[in-house]
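A quick write-up on the structure given underneath.
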Amino acid sequence: MAADAAEAVEVRGALLRLRRATGLPVAFGGLVEPGRPQIRISELCGHTTLALSSLAVVSGSGLGGKVVALSRPCAVTDYSTSRQISHEYDVAVAAEGLRSVVAVPVVVRRRVRGVLYGALRAAQPLGDRTLTAAVEAARDVEQALVVRDEAHSLMAATREPETASGAAWEQVREAHGALRALAPRLVDPALRAELLQVCGQLAGAASAEPAAAHALGLGLAPREVDVLVCVAAGATNAVAAERLGLRPETVKGYLRSAMRKLGAHTRLEAVVAARRAGVLP
């Protein structure tokens, strides 16, 4: 799946969750266009017209543009009469019949990458619950974008691993572990599979065979690999459980199973064996 298509899936999923959590009739949003100070409205839910579809919102203009400029959530009770925003997009907003609107930024590494909106067709205040749900939806998209960015960085690292110093390679290992822990939280299965594929390429960078082949040959389950990644980073069973969203007893069971398959008697031996096999970077 292309990057823009995968990102669109994440935005669409976040908007659907926002509507379910708040009961808002309309939600829409989009990401910043590369090289331009504007967002493009690409995803709409609950709309009755195409007035907002593909609308380009320039930084500083309208509610969304204000969010991009300030990098913080903003809301208006009646869009068409609000004195808090400029009104370049009144025609499109009125065509969809929107009155009360909230907009929240999608921020990655202190840079606004997109905006999510939720709206009512009535002029009434949007409460804290709605704002909180909108912010949480934006955080979901932020996480997906961070994962994709990190995956691209890891892919670059796998191309020339021999040039990395010991310290640099250790940073790559830490990033690899963090990404494997994040993978199960991704909504888009294609993006999740792509991320795990990159992690596998990274893990097998120093081996003659793909890491996935090694893991399959050893009979290691994906969660057993996840636990080994945490152990390699020095995590206790309790910390690994927290990172992976599992119970400590479950982590202990996965680790015991992985050690048996690797022929290891200690946690350290399991990590060393996994690295030799190309399962871990």
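Every chain in the structure tokens has a letter given in the order shown (A, B, ...), and although residue numbers restart at 1 in each chain, ligands are simply numbered from 1 in the order shown.
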Subject >> Contacts of range 57-63 of chain A within 8 Å, only C-alpha atoms, excl. fewer than 6 positions in-chain, as a PyMOL selection string >> reply: chain A and resi 37-41+69+74-76+85-89+103
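Using only C-alpha atoms, the contacts of Thr49 in chain A at a cut-off of 12 Å, with sequence neighbours closer than 6 positions omitted, comprise Val26, Ala92, Val93, Ala94, Ala95, Glu96, Gly97 and Leu98 of chain A.
We find CA of Asp78 in chain A and CA of Ala27 in chain A to be spaced 16.2 Å apart.
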**OP:** For CA of Pro184 in chain A and CA of Ala264 in chain A, quote the distance in Å rounded to one decimal.
**Re:** 27.0 Å
Original post:
Of the candidates A:Ala277, A:Val91, A:Val225, A:Leu55, which one gets nearest to Ser257 in chain A if we count only C-alpha atoms?
Top reply: A:Val225
Subject >> Nearby residues (only C-alpha atoms) at most 12 Å from range 106-108 of chain A, same-chain spacing under 2 positions excluded, as a PyMOL selection string >> reply: chain A and resi 10-11+14+29-32+39+64+67-73+103-104+110-117+134-150
**OP:** Apply DSSP to the structure's backbone, then extract all residues of range 13-83 of chain A labelled helix (DSSP H, G or I) and return them as a VMD selection string.
**Re:** chain A and resid 13 to 22 62 to 70 79 to 81
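The spacing separating CA of Leu15 in chain A from CA of Arg36 in chain A amounts to 23.5 Å.
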**OP:** Per DSSP on the backbone, filter range 26-160 of chain A down to the residues in strand (DSSP E) and report them as a PyMOL selection string.
**Re:** chain A and resi 26-32+38-45+56-58+74-76+100-108+111-120
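With only C-alpha atoms taken into account, the protein and nucleic acid residues at most 10 Å from Ala270 in chain A (excluding it and anything under 3 positions from it in its own chain) are A:Leu228, A:Val231, A:Ala232, A:Leu255, A:Arg256, A:Ala258, A:Met259, A:Arg260, A:Lys261, A:Leu262, A:Gly263, A:Ala264, A:His265, A:Thr266, A:Arg267, A:Ala273, A:Ala274, A:Arg275, A:Arg276.
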What would the file look like if the residues just selected were written as a compact mmCIF listing (two decimals), in the first residue's frame with C-alpha atoms?
```
# COMPACT_ATOMS: atom_id res chain seq x y z
CA LEU A 228 12.87 -11.30 23.18
CA VAL A 231 14.52 -8.67 27.04
CA ALA A 232 17.35 -7.64 24.70
CA LEU A 255 10.01 -16.17 27.21
CA ARG A 256 10.18 -19.72 28.55
CA ALA A 258 11.37 -18.97 23.22
CA MET A 259 14.27 -20.13 25.41
CA ARG A 260 13.29 -23.75 24.87
CA LYS A 261 13.14 -23.31 21.08
CA LEU A 262 16.49 -21.50 21.05
CA GLY A 263 18.13 -24.08 23.31
CA ALA A 264 18.94 -21.40 25.87
CA HIS A 265 19.03 -21.74 29.65
CA THR A 266 19.08 -18.04 30.57
CA ARG A 267 17.58 -14.81 29.27
CA ALA A 273 21.04 -17.11 20.25
CA ALA A 274 18.29 -15.00 18.70
CA ARG A 275 20.82 -12.49 17.39
CA ARG A 276 23.02 -15.23 15.96
```
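Among the candidates A:Ala133, A:Leu191, A:Leu186, A:Ala221, the residue lying nearest to Ala21 in chain A is A:Ala133 (atoms considered: only C-alpha atoms).
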Subject >> Top pick for closest residue to Ala5 in chain A, considering A:Leu126, A:Ser82, A:Ala190, A:Ala51 and counting only C-alpha atoms >> reply: A:Ala190
**OP:** For Arg223 in chain A, please output as number ranges by chain all residues within 12 Å (counting only C-alpha atoms; exclusion window: fewer than 2 positions along the same chain).
**Re:** A: 180-181, 183-184, 196, 215, 219-221, 225-230, 240-241, 244-246, 250-255, 257-258
